Every structure is written in structure tokens, then in C-alpha cells.
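**Student:** Take a look at this one; I'll ask things after.
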Number of protein chains: 6
Amino acid sequence: MPRITIKAVEGRTVDQKRGLIKDITEAVVKNFSVSPESVAIDIIEYTKENMAGGGKLFCDK
Amino acid sequence: MPRITIKAVEGRTVDQKRGLIKDITEAVVKNFSVSPESVAIDIIEYTKENMAGGGKLFCDK
Amino acid sequence: MPRITIKAVEGRTVDQKRGLIKDITEAVVKNFSVSPESVAIDIIEYTKENMAGGGKLFCDK
Amino acid sequence: MPRITIKAVEGRTVDQKRGLIKDITEAVVKNFSVSPESVAIDIIEYTKENMAGGGKLFCDK
Amino acid sequence: MPRITIKAVEGRTVDQKRGLIKDITEAVVKNFSVSPESVAIDIIEYTKENMAGGGKLFCDK
Amino acid sequence: MPRITIKAVEGRTVDQKRGLIKDITEAVVKNFSVSPESVAIDIIEYTKENMAGGGKLFCDK
């Protein structure tokens, strides 16, 4: 029962999310030999002031 | 100092959350022999387009 | 499909974990009106040098 | 800079992990229009006494 | 490539977040001997009804 | 009550962790105006086959 969390900056469409969930589920099924039903995924979306890399907020880049 | 995260689809009332926090805290105190003060809990709420199971977004089910 | 993560210092027995999972699942079913089958839980265990509070590692307390 | 965490029961080979990382990275690049270099992934592995579903530890199923 | 998540009650300004990201990045660079570019941080903000301690929601304290 | 999780490849000494916890706690106290006692931190350590960037496991880099 693999459980996957995706953290990303907000702004993706439902279609983009739908496609990603489909493809990641297939990737887990193929590589970890589990059923699609056992794959649980959640997406946490961030504003650009809540994600940072290299010491800088994304809203400052 | 157990730390617990609950991920769920949005839409629960404050009363439901209050009851859940009370009951989970009691469960941790009883089973892990810690004080209630040491139990920290947070709830992450998701829209139905940000949670998925079986390769499908919850908004598509 | 609530998903719950419990973070705690290592050292609990399987019986303690079994009891906690049972009680937390019941707490979620009761308060959030979901089926037991929909409740997924995982436990992350830490050595005392990997958890800290008040600026101090647990191994130093 | 999408960041992805995969939680799964232990026991997969390095080859299985390598394949999963490759496929998930491609899925994120394709659907979220980011560069492969921006995709960060980590895998948390669990013993069967630290994962549960439906109120039961995996070691009891 | 250390990856850090900060969970806090909402209400901090961008300036407070900017300062925290800068200082935490420096702390990781200094203590873990990595480059600033390798440090990834995200902030998850909570309403007071989604964080709890000692069995009580923060909105009830 | 900020709660912070640090994910990093294994291999740091207790001294390195002790220093990091001290410095991050001070950074949170200074920037978010909280007491040191309210800052909870945990460190999740990974083998190089469980962390990846750019589509490659760290053990393959």
C-alpha cells in the first residue's frame, strides 16, 4: 500500500493533476508490483512565499 | 513526544476535529504511556482534486 | 480516506502499536464518519538523537 | 521544484527503486512541465509492524 | 540535499518567512557541510483549528 | 508550536545534529517570536538508495 505525497507550487490545472496521478500510479504498479487500488496519493500545494531553495523564497527569485 | 499528522479531505466541522483530537490524544496516552501534554497533532486538509486513490482524483470518483 | 502518520521515539512493542492503530482507527471512524477500511496509518520511529524539543536532542535530556 | 515522498513497506531492490524514481521523475516532468533536475524524491521504508490499514498492522494481515 | 519542512500556525509575514529561510539554510550549511543551493525548504501553514497540543485545538486555547 | 522535519542522507554525527538543532531552534525563536520550548524538531535519515534528485538515486551519482 504505497502512499505518495507530492509537494509543488500551486497553479497546476485539474487536468495536469489528473495526468500526474495516472502516470505515477502506473509507475508504482509497474515497479513495485502492487495493484492500482493500493496506491494512495496526495498533493500539497504551496504559495511561492512558502517554498524555498538555496536560501531564497520562490517569490523572491 | 509523539507527533501525529492527519491528512483528510476538507469539510469536517470544528466539532468533528475537536472530537478527533481528544480521542486520538487519549489513544496515544493509553497505548504509548505518555502525558497528554506531550502529544502534538496537526490536520492537513485537501480539496478533492488534491487527493487520489487507485489512480483517480477524488473529484473524479 | 484519512491518512495518518505517527512519529515517535523507538521502543514500543508490537502490542502497543497494535493497540494504538486499533484505537486511532476507531477514533477516525467515529469522528469523521468513514469506514475502517479507508483509514491508513504509518508509524515513523526515531532514535533519541533524531528527535528534539526545546533546542535539545532527546538523547541529551 | 516538486518534492515527492514515497512511503512503502521495505523489501524492494535497488533496481526497483531506480526504476520507480526514473518513471516518477518522467511523469512529473511531462505533466507539470518542469526540468528533471528540479524533481527531488525520497523513499521512506517501513517494517510491517509500522504500517496499517483498516485498523490492522500489516504484520497481522 | 537536505529537505526541510516547517509546520506553523498561519499569520507570519513574508519578511518573517524570508528571515527564517535564510537563517535555517545557513544553519544547515554550517552544521551539515552542504552548499546553500542543496537546501530545500517548505512551509505548511495551519489555521488554529488544524493544530493541537495536549488534546486541545489551538483555537480552543 | 512550530514543528520541523529535516530529511537528510545518513552519516552525520550526534555533534552535527546537536549543533543543527540548536541553530534551527534559535532561528525559529528569532524569526517567528516563539519560545524555544515550543519548537519541536525531528530528523529522518536516508540511505543513498532512498533519496534521489534529477531522476537518479544518490547511490548512482
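In the C-alpha cells, each chain is lettered A, B, ... as it comes, each chain's residues begin at 1, and ligands are numbered from 1 in order of appearance.
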Can you write out as a Markdown table which residues of chain E fall within 6 Å of chain A, alongside each residue's closest atom pair and its distance in Å to one decimal, counting only C-alpha atoms and ordering rows by chain and ascending residue number?

**Tutor:**
| residue | atom | partner | partner_atom | distance |
| --- | --- | --- | --- | --- |
| E:Ile21 | CA | A:Gly55 | CA | 5.7 |
| E:Lys22 | CA | A:Gly55 | CA | 4.9 |
| E:Thr25 | CA | A:Gly55 | CA | 5.3 |
| E:Pro36 | CA | A:Gly54 | CA | 4.8 |
| E:Glu37 | CA | A:Gly54 | CA | 3.9 |
| E:Val39 | CA | A:Gly54 | CA | 5.6 |
| E:Ala40 | CA | A:Gly53 | CA | 4.5 |
| E:Ile41 | CA | A:Ala52 | CA | 5.0 |
| E:Asp42 | CA | A:Met51 | CA | 4.4 |
| E:Ile43 | CA | A:Asn50 | CA | 4.8 |

**Student:** Enter the distance from CA of Gly19 in chain E to CA of Asn31 in chain F, in Å, rounded to one decimal.

**Tutor:** 6.2 Å

**Student:** DSSP on the backbone: what in chain D comes out strand (DSSP E), as a PyMOL selection string?

**Tutor:** chain D and resi 3-9+40-46+51-53+56-57

**Student:** May I ask for the distance between CA of Thr13 in chain D and CA of Ser38 in chain A, given in Å to one decimal place?

**Tutor:**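 Spanning CA of Thr13 in chain D to CA of Ser38 in chain A is a straight-line distance of 19.4 Å.
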
**Student:** Using backbone DSSP assignments, extract all alpha helix (DSSP H) residues from chain E; output them as a list in words.

**Tutor:**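 Written out, the alpha helix (DSSP H) residues of chain E are Val14, Asp15, Gln16, Lys17, Arg18, Gly19, Leu20, Ile21, Lys22, Asp23, Ile24, Thr25, Glu26, Ala27, Val28, Val29, Lys30, Asn31 and Phe32 of chain E.
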